[in-house]
Amino acid sequence: MDSVMPRIFLFLLIFAAALPAQNRPPNGGFPAPSSPAQTRDFPVDSITIQGNRILSSPAIIAASGLRRGAPGNGTVFDAARDRLLASGYFDNIAYSYKPATTGGGYDITFDVQEVRELYPIRIEGLPASADEIDAFLRTKDPLFIGQMPGTQQVLQRTTAEIEQYLTSKGHAEQVTGKVVATAPEKFEIRFTPMRGLPAVNAVSFEGSKVISAIDLHNKISEVAYGQPFTDEGFRTLLQNQIVPLYEAKGYMRVTFPKITTQPSTEVTGIDVKVTVDEGGEYKLARVAVSGKSPEESARILKTAKLPKLTVANFEEIRQAATRVQDSMQHSGYLDARVKTDKQVDDEKKTVAFFLVVETGPMYTFGKLSVNGLGLDGEAAIRKLWSVRTGDSFPSGYGDYFLGKVKEEGLFDNLGGTSAKSDINPDTHVVDVTLDFKGTPPKPRAPKRGPL
């Protein structure tokens with residue numbers, strides 16, 4: 001009898017392993033993800049993406065290489081995560097999987113943290129149009145939406161893809177890609193020939209009266225000198241740098257009818273001469289909020305804090321839009337965007353300005369986690385934290401809070417600190433983690449109440 005039982009048990013194990021995956025009970029025949037059997041294949045029943053705010057879930061799923069119904073296991077899911085990280089679009093990715101609630105497969109969830117900034121791309125000096133290359137890149141990369149991160153992975157991969165496209169069209173051109181400043185705090189990714197483009201050495205202006213040629217020269221020099229020259233790229237610099245100077249004075253139709261270049265006599269590069277047509281001055285007709293009720297418009301314009309204007313100063317309108325957007329995000333509307341628009345009446349020489357407000361959902365605070373402090377220190381932090389669960393969550397409050405903790409000198413030996421906001425785009429709830437690095441600091445008696 002003793003010799004029979006082991007043989008029966010071994011037979012049952014072999015029989016169970018031979019059962020088709022779809023016939024196994026979801027909770028009885030499944031290994032836990034951490035078990036040695038995690039390499040056994042089961043179909044993928046569902047794929048969920050959370051934490052994304054820029055990229056679409058279907059695009060992320062496509063980039064992962066996973067498909068519903070395909071075999072999945074821990075090794076397959078590791079590879080999918082690694083593919084997403086290698087894409088260069090994400091700072092961090094975690095995943096978890098479990099037996100599906102229905103069917104006989106896995107439910108897998110990816111929690112992604114996207115790269116914060118995506119930049120527009122520009123194609124210059126290549127033997128193919130920007131539209132052609134854009135269309136090709138969209139077929140190669142499901143994450144490409146006309147913008148991309150400036151990470152090395154993305155630049156190298158996209159450069160190789162553009163070279164591949166050019167070769168297919170009979171142009172064996174080597175390409176380079178890099179992040180380039182187009183204005184203060186504004187950047188783009190520029191793809192150009194490896195052999196290079198002529199660099200801007202000097203810029204001069206003619207035809208300017210309202211703004212001196214010297215002031216125009218000084219403004220464009222902030223971004224143009226040393227940059228590779230193409231007509232389209234240089235006109236973009238003029239649009240970003242020079243046009244706002246005129247719009248701040250009510251000149252809404254400034255143009256640059258002629259741009260000429262010649263080799264520099266001083267250094268390797270080119271000198272650029274720009275002819276300016278300033279147009280006429282426009283008076284302000286009105287400022288309004290697009291698509292809002294009179295009561296809400298009045299409230300938004302009060303937040304805008306616009307000074308009294310006579311000429312159509314578009315720069316003041318842009319600054320007002322920024323104030324409104326910051327105020328809305330501070331009130332918990334983290335996705336709020338305020339854009340500007342204008343209607344120009346060339347016959348009357350007047351312009352109407354509009355604030356275009358996209359409010360988005362209200363985000364509320366969820367929970368606070370504190371790492372790196374002792375019990376007394378954590379208790380002190382929680383007492384000072386003024387945003388309660390369910391309150392609207394002000395944008396950037398975690399960093400603001402840590403800044404005030406340092407400013408108030410509430411801890412002895414306070415080392416490095418960081419705040420991470422986990423923003424859930426589905427529930428619109430924000431959880432915050434505060435990290436205190438180094439030796440746990442000792443709290444002092446607070447000088448005042450919550451921060």
# chains A, B, ... in the order shown; residues from 1 in each chain; ligands from 1
call {"tool": "residues_around", "arguments": {"residues": "segment 270-279 of chain A", "least_positions_apart": "6", "cutoff": "8 Å", "atoms": "only C-alpha atoms", "output": "compact mmCIF listing (two decimals) with C-alpha atoms, in the first residue's frame"}}
result
# COMPACT_ATOMS: atom_id res chain seq x y z
CA PRO A 198 25.38 76.27 -42.00
CA ALA A 199 25.31 77.95 -38.60
CA VAL A 200 24.01 81.46 -37.96
CA ASN A 201 26.84 83.87 -37.19
CA ALA A 202 25.12 87.28 -37.30
CA VAL A 203 21.61 88.68 -37.79
CA SER A 204 20.66 92.19 -38.90
CA PHE A 205 17.28 93.86 -39.46
CA GLU A 206 16.12 96.54 -41.88
CA GLY A 207 12.79 98.35 -42.16
CA SER A 208 12.06 98.44 -38.41
CA LYS A 209 10.83 101.72 -36.89
CA VAL A 210 8.59 100.93 -33.90
CA TYR A 246 5.39 93.81 -31.88
CA TYR A 251 1.24 95.66 -34.17
CA MET A 252 -0.64 92.52 -35.14
CA ARG A 253 0.41 92.11 -38.78
CA VAL A 254 4.21 92.24 -38.71
CA THR A 255 5.77 90.15 -41.47
CA PHE A 256 9.25 89.33 -42.76
CA PRO A 257 8.93 89.50 -46.53
CA LYS A 258 12.61 88.90 -47.25
CA ILE A 259 15.33 86.86 -45.56
CA THR A 260 18.74 86.70 -47.23
CA THR A 261 21.96 84.97 -46.25
CA GLN A 262 25.60 85.22 -47.21
CA PRO A 263 28.76 83.50 -46.01
CA SER A 264 30.33 85.22 -43.03
call {"tool": "closest_residue", "arguments": {"among": "A:Ile145, A:Ile121, A:Ala352, A:Val344", "to": "Gly177 of chain A", "atoms": "only C-alpha atoms"}}
result
A:Ile121
call {"tool": "closest_atom_pairs", "arguments": {"of": "segment 39-59 of chain A", "to": "segment 91-101 of chain A", "cutoff": "12 Å", "atoms": "only C-alpha atoms", "output": "JSON lines"}}
result
{"residue": "A:Phe42", "atom": "CA", "partner": "A:Pro99", "partner_atom": "CA", "distance": 9.3}
{"residue": "A:Pro43", "atom": "CA", "partner": "A:Ala100", "partner_atom": "CA", "distance": 9.7}
{"residue": "A:Val44", "atom": "CA", "partner": "A:Ala100", "partner_atom": "CA", "distance": 8.6}
{"residue": "A:Asp45", "atom": "CA", "partner": "A:Ala100", "partner_atom": "CA", "distance": 6.6}
{"residue": "A:Ser46", "atom": "CA", "partner": "A:Ala100", "partner_atom": "CA", "distance": 7.8}
{"residue": "A:Ile47", "atom": "CA", "partner": "A:Tyr97", "partner_atom": "CA", "distance": 9.3}
{"residue": "A:Thr48", "atom": "CA", "partner": "A:Tyr95", "partner_atom": "CA", "distance": 9.7}
{"residue": "A:Ile49", "atom": "CA", "partner": "A:Tyr95", "partner_atom": "CA", "distance": 9.3}
{"residue": "A:Gln50", "atom": "CA", "partner": "A:Tyr95", "partner_atom": "CA", "distance": 9.9}
{"residue": "A:Gly51", "atom": "CA", "partner": "A:Ile93", "partner_atom": "CA", "distance": 9.6}
{"residue": "A:Asn52", "atom": "CA", "partner": "A:Ile93", "partner_atom": "CA", "distance": 10.6}
call {"tool": "atom_distance", "arguments": {"atom1": "atom CA of Pro425 of chain A", "atom2": "atom CA of Leu85 of chain A"}}
result
20.7 Å
call {"tool": "closest_residue", "arguments": {"among": "A:Gly170, A:Pro184, A:Pro228, A:Gly125", "to": "Asn240 of chain A", "atoms": "only C-alpha atoms"}}
result
A:Pro184
call {"tool": "select_by_dssp", "arguments": {"residues": "segment 193-330 of chain A", "states": "helix (DSSP H, G or I)", "output": "PyMOL selection string"}}
result
chain A and resi 213-221+231-241+243-247+294-304+314-330
